[in-house]
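Engineer: This is the structure I want to talk about, given as structure tokens.
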Amino acid sequence: MKFEVTILGSSSATPIYNRNPSSQALNINERLYLIDCGEGTQQQMLRYDVKASRIDHIFISHLHGDHYLGLVGLLSSLHLNGRIKPLNIYCPHLLKEIIDLQLASSETEIQYPIHYKFTNPAQAEVILENQDISIETIPLEHGIACTGFLFREKKRLRKLIKEKMEEFNIPVAYFTALKKGDDYTAPDGNIYKNETLTHDSAEPKSYVYCSDTSYNEGYFEQISNATLLYHEATFLNNMLDRANETRHTTALQAGEIALKTHAKRLLIGHFSARYKTLIELLEEARSVFPATELAVEGKTFVIE
């Protein structure tokens, strides 16, 4: 199953040095999910061949402008391009009021349904579940209501061992039951244990998106063992006082979080405009967690 994320924006606060504000496109089994929608997201989607028409779910972490100011433009473009299928937005409750006011002020009547699911910044909860994944909110600490998002694959069915199917002449009609873990009873009464006919599927993978937050161990247990952890790393650790003041995380802290939560890999992003180049941020995170990469715009990371 395809499970990958394309970075559309990695800057904090303002677009600068060819970096755009926060946005990511997550592809799970050819379904697209948009995470945050900063200014310029539409242009980034065009640049990196992310089809807006394929997005049915948008997740907004919080209401600082660098995470949602591109949204009303995207909604308008979908309308102008003839969208009729519903769009689902998971967000703080005030976002609906903001979007409604912007659309009303321009006398725009969107021709497709928008369904809002309001997030609770005080409590983790499952906000979407389908055959492929479950998605949970992650309560974060950022001064205003803010949540991250945990995307977790569903456990797949067991895999048939083709040679055993042929050896014991097992009818196709029994394949589904075998995949679900049942044993097979042959017409002659012999019972073949499931573990001899199938093998377990791969462990489910997960992608964790930790938007703006100060260092806070309250969410560590929920995000533990992430296959790929995205964590904001706005500042170098020599700006720790500024990070604490603005409720952000340093690159060193992001590395420590990945280490303490047993992440397999770490992506850092949401870089301050004070950094023209990012190598120092990368080196600082890698000093404690070597499996760290920069959330470089246009790059797609396979979650495996």
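Chain labels A, B, ... are given in the sequence in which chains occur in the structure tokens; within each chain residues are numbered consecutively from 1, and ligands are likewise numbered from 1 in the order shown.
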Determine, counting only C-alpha atoms, which protein, DNA and RNA residues have an atom within 9 Å of an atom of A:Gln42; residues of the same chain fewer than 6 positions away are not included. Present the result as a list in words.
Structural biologist: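 Listed by chain and then number, they are Ala52, Gly70, Leu71, Gly73, Leu74 and Ser77 of chain A.
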Engineer: Keeping only N, CA and C atoms, write the selected residues to a file as a PDB file, in the first residue's frame.
Structural biologist:
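The result, written out as selection_31.pdb:
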ATOM      1  N   ALA A  52      -5.407  18.748  -6.710  1.00  0.00           N
ATOM      2  CA  ALA A  52      -6.351  19.245  -5.703  1.00  0.00           C
ATOM      3  C   ALA A  52      -7.682  18.514  -5.767  1.00  0.00           C
ATOM      4  N   GLY A  70      -3.958  29.855   3.137  1.00  0.00           N
ATOM      5  CA  GLY A  70      -4.150  29.421   1.755  1.00  0.00           C
ATOM      6  C   GLY A  70      -5.453  28.679   1.521  1.00  0.00           C
ATOM      7  N   LEU A  71      -6.212  28.441   2.588  1.00  0.00           N
ATOM      8  CA  LEU A  71      -7.363  27.552   2.473  1.00  0.00           C
ATOM      9  C   LEU A  71      -8.520  28.151   1.684  1.00  0.00           C
ATOM     10  N   GLY A  73      -8.579  30.326  -0.628  1.00  0.00           N
ATOM     11  CA  GLY A  73      -8.252  30.343  -2.050  1.00  0.00           C
ATOM     12  C   GLY A  73      -8.400  28.969  -2.677  1.00  0.00           C
ATOM     13  N   LEU A  74      -7.953  27.940  -1.955  1.00  0.00           N
ATOM     14  CA  LEU A  74      -8.090  26.575  -2.454  1.00  0.00           C
ATOM     15  C   LEU A  74      -9.557  26.188  -2.587  1.00  0.00           C
ATOM     16  N   SER A  77     -10.976  27.877  -5.634  1.00  0.00           N
ATOM     17  CA  SER A  77     -10.518  27.273  -6.882  1.00  0.00           C
ATOM     18  C   SER A  77     -11.228  25.955  -7.151  1.00  0.00           C
TER      19      SER A  77
END
Engineer: So which bits of stretch 91-231 of chain A end up helix (DSSP H, G or I) when you DSSP the backbone, as JSON, numbers by chain?
Structural biologist: {"A": [94, 95, 96, 97, 98, 99, 100, 101, 102, 103, 104, 105, 162, 163, 164, 165, 166, 167, 172, 173, 174, 175, 176, 177, 178, 179, 194, 195, 196, 197, 217, 218, 219]}
Engineer: Would you work out the distance separating atom CA of A:Glu232 from atom CA of A:Glu4, expressed in Å to one decimal?
Structural biologist: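 Separation of atom CA of A:Glu232 and atom CA of A:Glu4: 18.4 Å.
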Engineer: I want to know what sits within 8 Å of A:Lys117, based on only C-alpha atoms, with residues of the same chain fewer than 3 positions away left out; could you give that as a count of residues only?
Structural biologist: 5
Engineer: For A:Gly269, which of A:Ile98, A:Ala122, A:Leu8, A:Ile138 is the closest residue, counting only C-alpha atoms?
Structural biologist: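 The answer is A:Leu8, which sits nearest to A:Gly269.
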Engineer: Go through stretch 248-296 of chain A and flag each residue having an atom no more than 6 Å from stretch 10-30 of chain A; for those, report the closest pair of atoms plus their distance in Å to one decimal, using only C-alpha atoms, ordered by chain and rising number, as CSV.
Structural biologist:
residue,atom,partner,partner_atom,distance
A:Gly269,CA,A:Ser10,CA,5.2
A:His270,CA,A:Ser12,CA,4.6
A:Phe271,CA,A:Ser11,CA,4.9
A:Ser272,CA,A:Ser12,CA,5.3
Engineer: Extract, using only C-alpha atoms, all DNA, RNA and protein residues at most 6 Å from A:Thr213, discarding same-chain residues fewer than 5 positions from it, and format them as a list in words.
Structural biologist: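 Surrounding residues, per the criterion: Leu140, Glu141, His142, Arg247 and His248 of chain A.
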Engineer: Residues of the last selection are to be written out with N, CA and C atoms, as a PDB file, in the first residue's frame.
Structural biologist:
ATOM      1  N   LEU A 140      -1.466  19.496  21.484  1.00  0.00           N
ATOM      2  CA  LEU A 140      -0.149  20.123  21.568  1.00  0.00           C
ATOM      3  C   LEU A 140      -0.233  21.379  22.429  1.00  0.00           C
ATOM      4  N   GLU A 141       0.914  21.965  22.702  1.00  0.00           N
ATOM      5  CA  GLU A 141       0.986  23.125  23.602  1.00  0.00           C
ATOM      6  C   GLU A 141       1.607  24.295  22.851  1.00  0.00           C
ATOM      7  N   HIS A 142       0.740  25.221  22.423  1.00  0.00           N
ATOM      8  CA  HIS A 142       1.244  26.302  21.579  1.00  0.00           C
ATOM      9  C   HIS A 142       0.618  27.665  21.861  1.00  0.00           C
ATOM     10  N   ARG A 247       6.474  29.344  22.278  1.00  0.00           N
ATOM     11  CA  ARG A 247       5.902  27.998  22.330  1.00  0.00           C
ATOM     12  C   ARG A 247       6.269  27.180  21.104  1.00  0.00           C
ATOM     13  N   HIS A 248       7.562  27.175  20.804  1.00  0.00           N
ATOM     14  CA  HIS A 248       8.078  26.384  19.703  1.00  0.00           C
ATOM     15  C   HIS A 248       9.140  25.419  20.221  1.00  0.00           C
TER      16      HIS A 248
END
